[in-house]
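K.L.:
Right, I'll just put the structure down here and ask away after.
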Amino acid sequence: MNQDLPDHIVIMFADVSGSTQLYENLGDTDAHDCISESLNRIVHHASQHNGHLVETIGDEAMIMFAKIEDAALAAIDMQQHFFQTPVAHDHFIKIRIGFHYGPIEYDEGHPFGDTVNVAARVAALCESGRIIATDTTVSGLATQQEFQLRPYQTARVKGKSKPIRVQEIVWDREDSTSMINATQMTQLTQLESQPLSLQIYYRGKVYELAAGQGAFIIGRETHCDLVIDSALASRTHARIEFRWGEAILTDHSTNGTYVEAQRGKREGDGTSIRLHRREAALHGTGKIAIGTTVQQAQEVNLLGYKIDQH
């Protein structure tokens with residue numbers, strides 16, 4: 001390892017939300033201008049806080065910081081800037097930011113290893129207009145009291161025996177009304193641990209999900225828990241998590257997610273619903289189609305599910 005480079009760093013991923021939709025709405029030239037200018041501004045704000053660009057991949061920038069405080073302040077500046085200032089062609093865009101601090105290895109100055117993988121997984125969980133980081137990262141803030149934090153969710157990371165807890169760094173002071181104190185967090189964790197399990201069936205394989213294990217990510221990217229190798233799937237298409245004793249499916253995609261429960265006693269059973277940037281509770285037994293309707297889905301786009309309430 002290069003002795004001039006730190007052995008622990010922050011890896012941050014910042015990307016433009018809804019880039020596929022930008023291309024659809026604005027056309028290739030204008031959308032490319034917006035994304036290119038947005039990435040330049042992301043890198044500029046990072047450099048103002050001692051951040052260094054590692055690489056850009058499509059609509060995403062990978063940035064490294066030596067200090068956690070620098071990363072947090074840079075992320076806040078980025079979100080505030082894009083909230084207030086349009087980019088090319090007077091178009092306002094939103095970004096999402098996720099980061100993690102940990103030990104690192106280098107290949108000719110390029111960071112790699114577990115910290116990069118965790119940071120990428122965290123960023124994939126992030127919603128548009130938000131900043132999130134692992135619990136261990138924000139606990140390392142020397143000036144933690146200067147930041148407003150709130151629990152975000154827990155997540156499973158490949159290669160990790162236990163899920164990691166993720167916190168949100170609140171950059172918009174008007175959005176701080178939903179802060180949760182430690183007692184509420186304990187109560188929430190207990191409620192999330194209801195005796196509930198879910199089986200996902202996909203191409204002959206069964207995925208066992210249980211309350212308390214964190215979000216299960218579905219999408220085209222290789223870091224997802226369930227990888228859908230289809231052009232109709234978004235990079236991070238949807239997630240399933242347990243909240244308040246229910247299994248909640250949330251869509252984050254361009255093409256949407258379709259859910260069809262088996263015909264039964266509940267209102268809506270037997271009909272197909274389309275989720276697009278929204279969520280719904282899963283009940284009973286049914287099918288989930290990625291990027292297309294259940295009726296039109298091919299094997300690569302179709303999942304089965306079954307809820308077990310113990």
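Within each chain, counting starts at residue 1; across the structure tokens, chains are named A, B, ... in the order shown, with ligands numbered 1 upward in that order.
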Taking a cut-off of 10 Å and counting only C-alpha atoms, can you build a table that, for each residue of region 80-152 of chain A near region 52-60 of chain A, reports the nearest atom pair and how far apart they are in Å (one decimal), sorted by chain then residue number, as a Markdown table?
P.N.:
```
| residue | atom | partner | partner_atom | distance |
| --- | --- | --- | --- | --- |
| A:Ile95 | CA | A:Glu60 | CA | 9.4 |
| A:Arg96 | CA | A:Glu60 | CA | 9.6 |
| A:Ile97 | CA | A:Glu60 | CA | 9.7 |
| A:Gly109 | CA | A:Val54 | CA | 9.1 |
| A:His110 | CA | A:Val54 | CA | 6.9 |
| A:Pro111 | CA | A:Val54 | CA | 7.9 |
```
K.L.:
Take the residues from that selection and put them in a file with C-alpha atoms, as a PDB file, in the first residue's frame.
P.N.:
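Now in part_10.pdb:
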```pdb
ATOM      1  CA  ILE A  95     -28.996  13.705  -5.868  1.00  0.00           C
ATOM      2  CA  ARG A  96     -28.624  10.964  -3.300  1.00  0.00           C
ATOM      3  CA  ILE A  97     -25.529  10.397  -1.188  1.00  0.00           C
ATOM      4  CA  GLY A 109      -3.799   4.674  -5.765  1.00  0.00           C
ATOM      5  CA  HIS A 110      -7.319   3.381  -6.493  1.00  0.00           C
ATOM      6  CA  PRO A 111      -9.158   2.343  -3.294  1.00  0.00           C
TER       7      PRO A 111
END
```
K.L.:
May I have the residues within 6 Å of Leu249 (chain A) as a ChimeraX atom specification, using only C-alpha atoms and disregarding those fewer than 5 positions away in the same chain?
P.N.:
/A:239-240,279-280
K.L.:
For the residues selected in the previous step, produce a file with C-alpha atoms as a compact mmCIF listing (two decimals), in the first residue's frame.
P.N.:
```txt
# COMPACT_ATOMS: atom_id res chain seq x y z
CA ARG A 239 -36.69 -3.11 -1.63
CA ILE A 240 -38.57 -5.21 0.88
CA GLU A 279 -44.89 1.36 -1.29
CA ALA A 280 -47.43 -1.29 -0.32
```
K.L.:
If you count only C-alpha atoms, which residues fall within 10 Å of His32 (chain A), apart from same-chain ones fewer than 5 positions away, as a list in words?
P.N.:
Ser19, Leu22, Tyr23, Leu26, Gly27, Glu37, Ser38, Gly58, Asp59 and Ala88 of chain A
K.L.:
Write a file of the selected residues as a PDB file, in the first residue's frame, keeping all heavy atoms.
P.N.:
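Result file result.pdb:
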```pdb
ATOM      1  N   SER A  19     -31.933   9.480 -13.414  1.00  0.00           N
ATOM      2  CA  SER A  19     -31.239   9.849 -14.653  1.00  0.00           C
ATOM      3  C   SER A  19     -31.912   9.239 -15.883  1.00  0.00           C
ATOM      4  O   SER A  19     -31.954   9.872 -16.950  1.00  0.00           O
ATOM      5  CB  SER A  19     -29.776   9.420 -14.587  1.00  0.00           C
ATOM      6  OG  SER A  19     -29.660   8.037 -14.356  1.00  0.00           O
ATOM      7  N   LEU A  22     -34.635  11.425 -16.820  1.00  0.00           N
ATOM      8  CA  LEU A  22     -34.116  12.653 -17.422  1.00  0.00           C
ATOM      9  C   LEU A  22     -33.922  12.479 -18.918  1.00  0.00           C
ATOM     10  O   LEU A  22     -34.291  13.357 -19.711  1.00  0.00           O
ATOM     11  CB  LEU A  22     -32.778  13.030 -16.783  1.00  0.00           C
ATOM     12  CG  LEU A  22     -32.770  13.882 -15.514  1.00  0.00           C
ATOM     13  CD1 LEU A  22     -31.338  14.121 -15.068  1.00  0.00           C
ATOM     14  CD2 LEU A  22     -33.481  15.203 -15.734  1.00  0.00           C
ATOM     15  N   TYR A  23     -33.322  11.360 -19.310  1.00  0.00           N
ATOM     16  CA  TYR A  23     -33.103  11.110 -20.737  1.00  0.00           C
ATOM     17  C   TYR A  23     -34.428  10.998 -21.485  1.00  0.00           C
ATOM     18  O   TYR A  23     -34.561  11.469 -22.617  1.00  0.00           O
ATOM     19  CB  TYR A  23     -32.271   9.840 -20.920  1.00  0.00           C
ATOM     20  CG  TYR A  23     -30.791  10.065 -20.741  1.00  0.00           C
ATOM     21  CD1 TYR A  23     -30.153   9.718 -19.553  1.00  0.00           C
ATOM     22  CD2 TYR A  23     -30.020  10.634 -21.757  1.00  0.00           C
ATOM     23  CE1 TYR A  23     -28.790   9.928 -19.376  1.00  0.00           C
ATOM     24  CE2 TYR A  23     -28.660  10.846 -21.590  1.00  0.00           C
ATOM     25  CZ  TYR A  23     -28.049  10.497 -20.392  1.00  0.00           C
ATOM     26  OH  TYR A  23     -26.706  10.719 -20.226  1.00  0.00           O
ATOM     27  N   LEU A  26     -35.985  14.855 -21.324  1.00  0.00           N
ATOM     28  CA  LEU A  26     -35.225  15.970 -21.894  1.00  0.00           C
ATOM     29  C   LEU A  26     -34.552  15.647 -23.216  1.00  0.00           C
ATOM     30  O   LEU A  26     -34.130  16.559 -23.931  1.00  0.00           O
ATOM     31  CB  LEU A  26     -34.151  16.438 -20.896  1.00  0.00           C
ATOM     32  CG  LEU A  26     -34.628  16.893 -19.522  1.00  0.00           C
ATOM     33  CD1 LEU A  26     -33.429  17.333 -18.679  1.00  0.00           C
ATOM     34  CD2 LEU A  26     -35.634  18.026 -19.630  1.00  0.00           C
ATOM     35  N   GLY A  27     -34.421  14.366 -23.522  1.00  0.00           N
ATOM     36  CA  GLY A  27     -33.655  13.977 -24.696  1.00  0.00           C
ATOM     37  C   GLY A  27     -32.195  13.770 -24.334  1.00  0.00           C
ATOM     38  O   GLY A  27     -31.718  14.255 -23.300  1.00  0.00           O
ATOM     39  N   GLU A  37     -22.890  18.306 -15.850  1.00  0.00           N
ATOM     40  CA  GLU A  37     -22.705  19.488 -15.004  1.00  0.00           C
ATOM     41  C   GLU A  37     -22.937  19.153 -13.537  1.00  0.00           C
ATOM     42  O   GLU A  37     -22.225  19.650 -12.650  1.00  0.00           O
ATOM     43  CB  GLU A  37     -23.648  20.606 -15.448  1.00  0.00           C
ATOM     44  CG  GLU A  37     -23.424  21.899 -14.698  1.00  0.00           C
ATOM     45  CD  GLU A  37     -24.269  23.053 -15.239  1.00  0.00           C
ATOM     46  OE1 GLU A  37     -24.511  23.084 -16.460  1.00  0.00           O
ATOM     47  OE2 GLU A  37     -24.689  23.893 -14.423  1.00  0.00           O
ATOM     48  N   SER A  38     -23.904  18.295 -13.258  1.00  0.00           N
ATOM     49  CA  SER A  38     -24.181  17.899 -11.873  1.00  0.00           C
ATOM     50  C   SER A  38     -22.977  17.191 -11.262  1.00  0.00           C
ATOM     51  O   SER A  38     -22.602  17.454 -10.118  1.00  0.00           O
ATOM     52  CB  SER A  38     -25.411  16.986 -11.820  1.00  0.00           C
ATOM     53  OG  SER A  38     -26.566  17.655 -12.274  1.00  0.00           O
ATOM     54  N   GLY A  58     -21.050   6.660 -15.184  1.00  0.00           N
ATOM     55  CA  GLY A  58     -22.388   7.054 -15.622  1.00  0.00           C
ATOM     56  C   GLY A  58     -22.847   8.311 -14.920  1.00  0.00           C
ATOM     57  O   GLY A  58     -22.289   9.387 -15.122  1.00  0.00           O
ATOM     58  N   ASP A  59     -23.867   8.176 -14.061  1.00  0.00           N
ATOM     59  CA  ASP A  59     -24.428   9.338 -13.357  1.00  0.00           C
ATOM     60  C   ASP A  59     -23.941   9.404 -11.916  1.00  0.00           C
ATOM     61  O   ASP A  59     -24.528  10.106 -11.096  1.00  0.00           O
ATOM     62  CB  ASP A  59     -25.960   9.285 -13.390  1.00  0.00           C
ATOM     63  CG  ASP A  59     -26.520   8.051 -12.687  1.00  0.00           C
ATOM     64  OD1 ASP A  59     -25.724   7.222 -12.186  1.00  0.00           O
ATOM     65  OD2 ASP A  59     -27.753   7.904 -12.647  1.00  0.00           O
ATOM     66  N   ALA A  88     -27.788  22.692 -15.946  1.00  0.00           N
ATOM     67  CA  ALA A  88     -27.923  23.052 -17.356  1.00  0.00           C
ATOM     68  C   ALA A  88     -29.382  23.175 -17.758  1.00  0.00           C
ATOM     69  O   ALA A  88     -30.236  22.414 -17.280  1.00  0.00           O
ATOM     70  CB  ALA A  88     -27.218  22.003 -18.215  1.00  0.00           C
TER      71      ALA A  88
END
```
K.L.:
Give me, as a ChimeraX atom specification, all polymer residues having an atom no more than 9 Å from Asn255 (chain A), counting only C-alpha atoms and skipping those fewer than 5 positions away in the same chain.
P.N.:
/A:232-234,237,276,290-292
K.L.:
Give the strand (DSSP E) residues of region 12-194 of chain A, as assigned by DSSP on the backbone, as a PyMOL selection string.
P.N.:
chain A and resi 12-16+52-57+60-65+95-103+105-107+110-112+131-134+148-155+164-170
K.L.:
Leaving out Met12 (chain A) and any residue of its chain fewer than 6 positions from it, which residues lie within 7 Å of it when counting only C-alpha atoms, given as a ChimeraX atom specification?
P.N.:
/A:62-64,98-100,119
K.L.:
With only C-alpha atoms as the counted atoms, please give the residues lying no more than 9 Å from region 121-124 of chain A, apart from itself and same-chain residues fewer than 5 positions off, as number ranges by chain.
P.N.:
A: 12-15, 96-100, 116, 131-134, 155-158, 166, 217, 223-224, 235-236
K.L.:
Return as a PDB file with N, CA and C atoms, in the first residue's frame the full set of residues in region 44-247 of chain A whose backbone-based DSSP assignment is helix (DSSP H, G or I).
P.N.:
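As a result, selection07.pdb now contains:
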```pdb
ATOM      1  N   HIS A  44     -16.793  19.478  -7.274  1.00  0.00           N
ATOM      2  CA  HIS A  44     -16.355  20.787  -6.776  1.00  0.00           C
ATOM      3  C   HIS A  44     -16.630  20.928  -5.280  1.00  0.00           C
ATOM      4  N   HIS A  45     -17.841  20.587  -4.858  1.00  0.00           N
ATOM      5  CA  HIS A  45     -18.183  20.713  -3.437  1.00  0.00           C
ATOM      6  C   HIS A  45     -17.371  19.739  -2.588  1.00  0.00           C
ATOM      7  N   ALA A  46     -17.086  18.561  -3.118  1.00  0.00           N
ATOM      8  CA  ALA A  46     -16.243  17.614  -2.394  1.00  0.00           C
ATOM      9  C   ALA A  46     -14.846  18.187  -2.204  1.00  0.00           C
ATOM     10  N   SER A  47     -14.307  18.797  -3.253  1.00  0.00           N
ATOM     11  CA  SER A  47     -12.946  19.345  -3.166  1.00  0.00           C
ATOM     12  C   SER A  47     -12.857  20.491  -2.166  1.00  0.00           C
ATOM     13  N   ILE A  68     -14.243  11.999   8.434  1.00  0.00           N
ATOM     14  CA  ILE A  68     -15.698  11.828   8.364  1.00  0.00           C
ATOM     15  C   ILE A  68     -16.402  13.179   8.346  1.00  0.00           C
ATOM     16  N   GLU A  69     -15.915  14.140   9.163  1.00  0.00           N
ATOM     17  CA  GLU A  69     -16.543  15.470   9.199  1.00  0.00           C
ATOM     18  C   GLU A  69     -16.527  16.130   7.828  1.00  0.00           C
ATOM     19  N   ASP A  70     -15.422  15.988   7.114  1.00  0.00           N
ATOM     20  CA  ASP A  70     -15.326  16.583   5.779  1.00  0.00           C
ATOM     21  C   ASP A  70     -16.375  15.988   4.847  1.00  0.00           C
ATOM     22  N   ALA A  71     -16.546  14.681   4.917  1.00  0.00           N
ATOM     23  CA  ALA A  71     -17.532  14.018   4.065  1.00  0.00           C
ATOM     24  C   ALA A  71     -18.947  14.490   4.393  1.00  0.00           C
ATOM     25  N   ALA A  72     -19.264  14.577   5.680  1.00  0.00           N
ATOM     26  CA  ALA A  72     -20.600  15.005   6.091  1.00  0.00           C
ATOM     27  C   ALA A  72     -20.886  16.441   5.656  1.00  0.00           C
ATOM     28  N   LEU A  73     -19.928  17.328   5.866  1.00  0.00           N
ATOM     29  CA  LEU A  73     -20.110  18.734   5.483  1.00  0.00           C
ATOM     30  C   LEU A  73     -20.208  18.879   3.972  1.00  0.00           C
ATOM     31  N   ALA A  74     -19.409  18.124   3.229  1.00  0.00           N
ATOM     32  CA  ALA A  74     -19.474  18.175   1.771  1.00  0.00           C
ATOM     33  C   ALA A  74     -20.836  17.708   1.280  1.00  0.00           C
ATOM     34  N   ALA A  75     -21.355  16.636   1.873  1.00  0.00           N
ATOM     35  CA  ALA A  75     -22.658  16.107   1.471  1.00  0.00           C
ATOM     36  C   ALA A  75     -23.770  17.121   1.727  1.00  0.00           C
ATOM     37  N   ILE A  76     -23.717  17.777   2.882  1.00  0.00           N
ATOM     38  CA  ILE A  76     -24.724  18.799   3.200  1.00  0.00           C
ATOM     39  C   ILE A  76     -24.653  19.946   2.199  1.00  0.00           C
ATOM     40  N   ASP A  77     -23.442  20.407   1.902  1.00  0.00           N
ATOM     41  CA  ASP A  77     -23.280  21.487   0.926  1.00  0.00           C
ATOM     42  C   ASP A  77     -23.836  21.083  -0.439  1.00  0.00           C
ATOM     43  N   MET A  78     -23.583  19.854  -0.842  1.00  0.00           N
ATOM     44  CA  MET A  78     -24.083  19.371  -2.132  1.00  0.00           C
ATOM     45  C   MET A  78     -25.608  19.428  -2.177  1.00  0.00           C
ATOM     46  N   GLN A  79     -26.250  18.870  -1.146  1.00  0.00           N
ATOM     47  CA  GLN A  79     -27.719  18.827  -1.152  1.00  0.00           C
ATOM     48  C   GLN A  79     -28.311  20.235  -1.121  1.00  0.00           C
ATOM     49  N   GLN A  80     -27.749  21.093  -0.314  1.00  0.00           N
ATOM     50  CA  GLN A  80     -28.258  22.468  -0.252  1.00  0.00           C
ATOM     51  C   GLN A  80     -28.077  23.187  -1.583  1.00  0.00           C
ATOM     52  N   HIS A  81     -26.942  22.946  -2.235  1.00  0.00           N
ATOM     53  CA  HIS A  81     -26.687  23.583  -3.529  1.00  0.00           C
ATOM     54  C   HIS A  81     -27.707  23.153  -4.576  1.00  0.00           C
ATOM     55  N   PHE A  82     -27.918  21.845  -4.707  1.00  0.00           N
ATOM     56  CA  PHE A  82     -28.832  21.365  -5.747  1.00  0.00           C
ATOM     57  C   PHE A  82     -30.291  21.712  -5.434  1.00  0.00           C
ATOM     58  N   PHE A  83     -30.601  21.880  -4.162  1.00  0.00           N
ATOM     59  CA  PHE A  83     -31.949  22.306  -3.798  1.00  0.00           C
ATOM     60  C   PHE A  83     -32.215  23.737  -4.250  1.00  0.00           C
ATOM     61  N   GLN A  84     -31.199  24.577  -4.205  1.00  0.00           N
ATOM     62  CA  GLN A  84     -31.360  26.000  -4.485  1.00  0.00           C
ATOM     63  C   GLN A  84     -31.007  26.395  -5.917  1.00  0.00           C
ATOM     64  N   ALA A  88     -27.788  22.692 -15.946  1.00  0.00           N
ATOM     65  CA  ALA A  88     -27.923  23.052 -17.356  1.00  0.00           C
ATOM     66  C   ALA A  88     -29.382  23.175 -17.758  1.00  0.00           C
ATOM     67  N   HIS A  89     -29.664  24.148 -18.617  1.00  0.00           N
ATOM     68  CA  HIS A  89     -31.005  24.377 -19.163  1.00  0.00           C
ATOM     69  C   HIS A  89     -32.019  24.686 -18.060  1.00  0.00           C
ATOM     70  N   ASP A  90     -31.524  25.278 -16.953  1.00  0.00           N
ATOM     71  CA  ASP A  90     -32.381  25.678 -15.823  1.00  0.00           C
ATOM     72  C   ASP A  90     -33.183  24.514 -15.238  1.00  0.00           C
ATOM     73  N   ASP A 114     -13.542  -3.955   1.256  1.00  0.00           N
ATOM     74  CA  ASP A 114     -14.818  -4.055   1.954  1.00  0.00           C
ATOM     75  C   ASP A 114     -15.481  -2.694   2.167  1.00  0.00           C
ATOM     76  N   THR A 115     -14.697  -1.675   2.479  1.00  0.00           N
ATOM     77  CA  THR A 115     -15.266  -0.345   2.724  1.00  0.00           C
ATOM     78  C   THR A 115     -15.959   0.196   1.475  1.00  0.00           C
ATOM     79  N   VAL A 116     -15.378  -0.046   0.313  1.00  0.00           N
ATOM     80  CA  VAL A 116     -16.004   0.382  -0.940  1.00  0.00           C
ATOM     81  C   VAL A 116     -17.312  -0.374  -1.157  1.00  0.00           C
ATOM     82  N   ASN A 117     -17.304  -1.666  -0.892  1.00  0.00           N
ATOM     83  CA  ASN A 117     -18.510  -2.475  -1.086  1.00  0.00           C
ATOM     84  C   ASN A 117     -19.639  -2.032  -0.159  1.00  0.00           C
ATOM     85  N   VAL A 118     -19.304  -1.765   1.102  1.00  0.00           N
ATOM     86  CA  VAL A 118     -20.330  -1.319   2.050  1.00  0.00           C
ATOM     87  C   VAL A 118     -20.869   0.046   1.638  1.00  0.00           C
ATOM     88  N   ALA A 119     -19.988   0.957   1.237  1.00  0.00           N
ATOM     89  CA  ALA A 119     -20.425   2.292   0.815  1.00  0.00           C
ATOM     90  C   ALA A 119     -21.374   2.206  -0.383  1.00  0.00           C
ATOM     91  N   ALA A 120     -21.059   1.343  -1.338  1.00  0.00           N
ATOM     92  CA  ALA A 120     -21.925   1.172  -2.506  1.00  0.00           C
ATOM     93  C   ALA A 120     -23.283   0.617  -2.098  1.00  0.00           C
ATOM     94  N   ARG A 121     -23.282  -0.305  -1.147  1.00  0.00           N
ATOM     95  CA  ARG A 121     -24.546  -0.899  -0.667  1.00  0.00           C
ATOM     96  C   ARG A 121     -25.394   0.153   0.050  1.00  0.00           C
ATOM     97  N   VAL A 122     -24.751   0.969   0.859  1.00  0.00           N
ATOM     98  CA  VAL A 122     -25.461   2.029   1.578  1.00  0.00           C
ATOM     99  C   VAL A 122     -26.058   3.027   0.582  1.00  0.00           C
ATOM    100  N   ALA A 123     -25.258   3.453  -0.400  1.00  0.00           N
ATOM    101  CA  ALA A 123     -25.741   4.417  -1.385  1.00  0.00           C
ATOM    102  C   ALA A 123     -26.950   3.878  -2.150  1.00  0.00           C
ATOM    103  N   ALA A 124     -26.961   2.579  -2.399  1.00  0.00           N
ATOM    104  CA  ALA A 124     -28.076   1.969  -3.117  1.00  0.00           C
ATOM    105  C   ALA A 124     -29.375   2.029  -2.335  1.00  0.00           C
ATOM    106  N   LEU A 125     -29.284   2.137  -1.018  1.00  0.00           N
ATOM    107  CA  LEU A 125     -30.475   2.229  -0.168  1.00  0.00           C
ATOM    108  C   LEU A 125     -31.056   3.633  -0.125  1.00  0.00           C
ATOM    109  N   ASP A 135     -24.019   3.544  10.761  1.00  0.00           N
ATOM    110  CA  ASP A 135     -24.027   3.956  12.168  1.00  0.00           C
ATOM    111  C   ASP A 135     -22.606   4.099  12.711  1.00  0.00           C
ATOM    112  N   THR A 136     -21.726   3.175  12.330  1.00  0.00           N
ATOM    113  CA  THR A 136     -20.343   3.251  12.806  1.00  0.00           C
ATOM    114  C   THR A 136     -19.634   4.489  12.263  1.00  0.00           C
ATOM    115  N   THR A 137     -20.037   4.933  11.078  1.00  0.00           N
ATOM    116  CA  THR A 137     -19.426   6.132  10.494  1.00  0.00           C
ATOM    117  C   THR A 137     -19.844   7.386  11.242  1.00  0.00           C
ATOM    118  N   VAL A 138     -21.145   7.579  11.446  1.00  0.00           N
ATOM    119  CA  VAL A 138     -21.607   8.799  12.116  1.00  0.00           C
ATOM    120  C   VAL A 138     -21.188   8.811  13.582  1.00  0.00           C
ATOM    121  N   GLN A 144     -20.245  15.357  16.592  1.00  0.00           N
ATOM    122  CA  GLN A 144     -21.539  14.755  16.287  1.00  0.00           C
ATOM    123  C   GLN A 144     -22.707  15.649  16.678  1.00  0.00           C
ATOM    124  N   GLN A 145     -22.543  16.432  17.749  1.00  0.00           N
ATOM    125  CA  GLN A 145     -23.636  17.278  18.222  1.00  0.00           C
ATOM    126  C   GLN A 145     -23.976  18.388  17.225  1.00  0.00           C
ATOM    127  N   GLU A 146     -23.081  18.669  16.295  1.00  0.00           N
ATOM    128  CA  GLU A 146     -23.332  19.719  15.304  1.00  0.00           C
ATOM    129  C   GLU A 146     -24.206  19.238  14.155  1.00  0.00           C
ATOM    130  N   ARG A 173     -33.083  21.768   7.595  1.00  0.00           N
ATOM    131  CA  ARG A 173     -33.552  21.954   8.981  1.00  0.00           C
ATOM    132  C   ARG A 173     -35.070  21.888   9.089  1.00  0.00           C
ATOM    133  N   GLU A 174     -35.781  22.243   8.014  1.00  0.00           N
ATOM    134  CA  GLU A 174     -37.242  22.176   8.053  1.00  0.00           C
ATOM    135  C   GLU A 174     -37.739  20.737   7.996  1.00  0.00           C
ATOM    136  N   ASP A 175     -36.830  19.818   7.687  1.00  0.00           N
ATOM    137  CA  ASP A 175     -37.190  18.409   7.588  1.00  0.00           C
ATOM    138  C   ASP A 175     -36.797  17.644   8.841  1.00  0.00           C
ATOM    139  N   ALA A 182     -33.726   8.007  21.404  1.00  0.00           N
ATOM    140  CA  ALA A 182     -33.225   6.653  21.635  1.00  0.00           C
ATOM    141  C   ALA A 182     -34.311   5.716  22.134  1.00  0.00           C
ATOM    142  N   THR A 183     -35.200   6.220  23.009  1.00  0.00           N
ATOM    143  CA  THR A 183     -36.280   5.383  23.539  1.00  0.00           C
ATOM    144  C   THR A 183     -37.221   4.958  22.429  1.00  0.00           C
ATOM    145  N   GLN A 184     -37.572   5.917  21.532  1.00  0.00           N
ATOM    146  CA  GLN A 184     -38.446   5.586  20.420  1.00  0.00           C
ATOM    147  C   GLN A 184     -37.797   4.572  19.494  1.00  0.00           C
ATOM    148  N   MET A 185     -36.464   4.710  19.323  1.00  0.00           N
ATOM    149  CA  MET A 185     -35.757   3.780  18.440  1.00  0.00           C
ATOM    150  C   MET A 185     -35.809   2.374  18.994  1.00  0.00           C
ATOM    151  N   THR A 186     -35.677   2.225  20.311  1.00  0.00           N
ATOM    152  CA  THR A 186     -35.761   0.915  20.940  1.00  0.00           C
ATOM    153  C   THR A 186     -37.147   0.320  20.730  1.00  0.00           C
ATOM    154  N   GLN A 187     -38.181   1.145  20.901  1.00  0.00           N
ATOM    155  CA  GLN A 187     -39.539   0.678  20.697  1.00  0.00           C
ATOM    156  C   GLN A 187     -39.758   0.261  19.247  1.00  0.00           C
ATOM    157  N   LEU A 188     -39.201   1.063  18.317  1.00  0.00           N
ATOM    158  CA  LEU A 188     -39.346   0.763  16.897  1.00  0.00           C
ATOM    159  C   LEU A 188     -38.683  -0.560  16.553  1.00  0.00           C
ATOM    160  N   THR A 189     -37.483  -0.786  17.084  1.00  0.00           N
ATOM    161  CA  THR A 189     -36.764  -2.020  16.823  1.00  0.00           C
ATOM    162  C   THR A 189     -37.564  -3.215  17.328  1.00  0.00           C
ATOM    163  N   GLN A 190     -38.183  -3.063  18.502  1.00  0.00           N
ATOM    164  CA  GLN A 190     -38.986  -4.150  19.044  1.00  0.00           C
ATOM    165  C   GLN A 190     -40.187  -4.440  18.148  1.00  0.00           C
ATOM    166  N   LEU A 191     -40.816  -3.368  17.651  1.00  0.00           N
ATOM    167  CA  LEU A 191     -41.974  -3.554  16.795  1.00  0.00           C
ATOM    168  C   LEU A 191     -41.593  -4.196  15.467  1.00  0.00           C
ATOM    169  N   GLU A 192     -40.375  -3.872  14.974  1.00  0.00           N
ATOM    170  CA  GLU A 192     -39.925  -4.453  13.721  1.00  0.00           C
ATOM    171  C   GLU A 192     -39.665  -5.948  13.858  1.00  0.00           C
TER     172      GLU A 192
END
```
K.L.:
Suppose you want the space between CA of Trp171 (chain A) and CA of Phe147 (chain A); what is it in Å?
P.N.:
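Taking CA of Trp171 (chain A) as the start and CA of Phe147 (chain A) as the end point, the length is 8.5 Å.
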K.L.:
Report, in Å with one decimal, the straight-line distance from CA of Ala66 (chain A) to CA of Thr222 (chain A).
P.N.:
27.2 Å
K.L.:
Could you work out how far CA of Ser197 (chain A) lies from CA of Leu209 (chain A), giving the answer in Å with one decimal?
P.N.:
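Those two atoms sit 5.7 Å apart.
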K.L.:
So, counting only C-alpha atoms, which residue among A:Pro6, A:Pro86, A:Gly214, A:Gly256 is closest to Gln153 (chain A)?
P.N.:
A:Gly214
